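Colleague: Provided herewith is a single structure, encoded as structure tokens, for subsequent inquiry.
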Amino acid sequence: MNPIKMFGQLILKRKSNNMKCVICKTGTMHEGKVTVTLEKNGSIILIKEVPAQICDVCEHYYLDEAITGEVLKRGKEGLLKGAELEVLKLKVA
């Protein structure tokens, strides 16, 4: 595995799927983990260790449909608890 840094945080790159990044048009997407920040009505929910496809050039990332659903579910739960700031680790099977 090749280590990369994202926002000062070490992320491990795994296999490439040869998909090109639609943002920078030059990067190749690789599996890795990111921290997703959700913000609504003054609440901030940080969800760490989210599996994603990450561009090796611009570091833009994409989440698949199942992961996106889980991230939004966790964000909604945090809002319903009235959290002003909540930091979670995403645990997926």
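Naming works like this for the structure tokens: A, B, ... for the chains as they're shown, residue 1 at the start of each chain, ligands 1 onward in shown order.
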Got a sec: who's within 9 Å of Val87 of chain A, counting only C-alpha atoms, leaving out chain neighbours fewer than 3 positions off, as a ChimeraX atom specification?

Modeller: /A:44-48

Colleague: May I have the residues from that selection written out with N, CA and C atoms, as a short mmCIF file (atom, residue, chain, number, x, y, z; two decimals), in the first residue's frame?

Modeller:
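The result, stored in out.cif:
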```
data_model
loop_
_atom_site.label_atom_id
_atom_site.label_comp_id
_atom_site.auth_asym_id
_atom_site.auth_seq_id
_atom_site.Cartn_x
_atom_site.Cartn_y
_atom_site.Cartn_z
N ILE A 44 -22.19 20.59 13.54
CA ILE A 44 -21.12 20.02 12.71
C ILE A 44 -20.95 18.57 13.12
N ILE A 45 -21.05 17.68 12.15
CA ILE A 45 -20.87 16.25 12.38
C ILE A 45 -19.67 15.81 11.54
N LEU A 46 -18.63 15.29 12.20
CA LEU A 46 -17.45 14.76 11.51
C LEU A 46 -17.52 13.24 11.56
N ILE A 47 -17.41 12.62 10.41
CA ILE A 47 -17.44 11.16 10.34
C ILE A 47 -16.11 10.70 9.75
N LYS A 48 -15.32 10.02 10.57
CA LYS A 48 -13.97 9.62 10.20
C LYS A 48 -13.94 8.20 9.63
#
```

Colleague: When DSSP is applied to the backbone of this structure, which of chain A are assigned strand (DSSP E or B)? Write them out as a VMD selection string.

Modeller: chain A and resid 2 to 6 9 to 13 16 to 20 28 to 40 43 to 55 61 to 62 85 to 89

Colleague: As a ChimeraX atom specification, please: every residue in segment 5-93 of chain A that DSSP puts in alpha helix (DSSP H).

Modeller: /A:65-80

Colleague: Could you save those same residues with C-alpha atoms as a short mmCIF file (atom, residue, chain, number, x, y, z; two decimals), in the first residue's frame?

Modeller:
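Generated output (out-v7.cif):
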```cif
data_model
loop_
_atom_site.label_atom_id
_atom_site.label_comp_id
_atom_site.auth_asym_id
_atom_site.auth_seq_id
_atom_site.Cartn_x
_atom_site.Cartn_y
_atom_site.Cartn_z
CA GLU A 65 -24.41 4.80 -2.66
CA ALA A 66 -24.41 2.50 0.39
CA ILE A 67 -21.71 4.51 2.19
CA THR A 68 -23.46 7.79 1.36
CA GLY A 69 -26.66 6.43 2.89
CA GLU A 70 -24.83 5.39 6.06
CA VAL A 71 -23.06 8.78 6.34
CA LEU A 72 -26.36 10.67 5.96
CA LYS A 73 -28.03 8.37 8.50
CA ARG A 74 -25.28 9.04 11.06
CA GLY A 75 -25.48 12.77 10.35
CA LYS A 76 -29.23 12.80 10.89
CA GLU A 77 -28.84 10.88 14.17
CA GLY A 78 -26.35 13.50 15.37
CA LEU A 79 -28.74 16.32 14.49
CA LEU A 80 -31.65 14.62 16.24
#
```

Colleague: Of the candidates A:Cys21, A:Val92, A:Ala83, A:Leu38, which one gets nearest to Val50 of chain A if we count only C-alpha atoms?

Modeller: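 Smallest separation from Val50 of chain A among the options: A:Val92.
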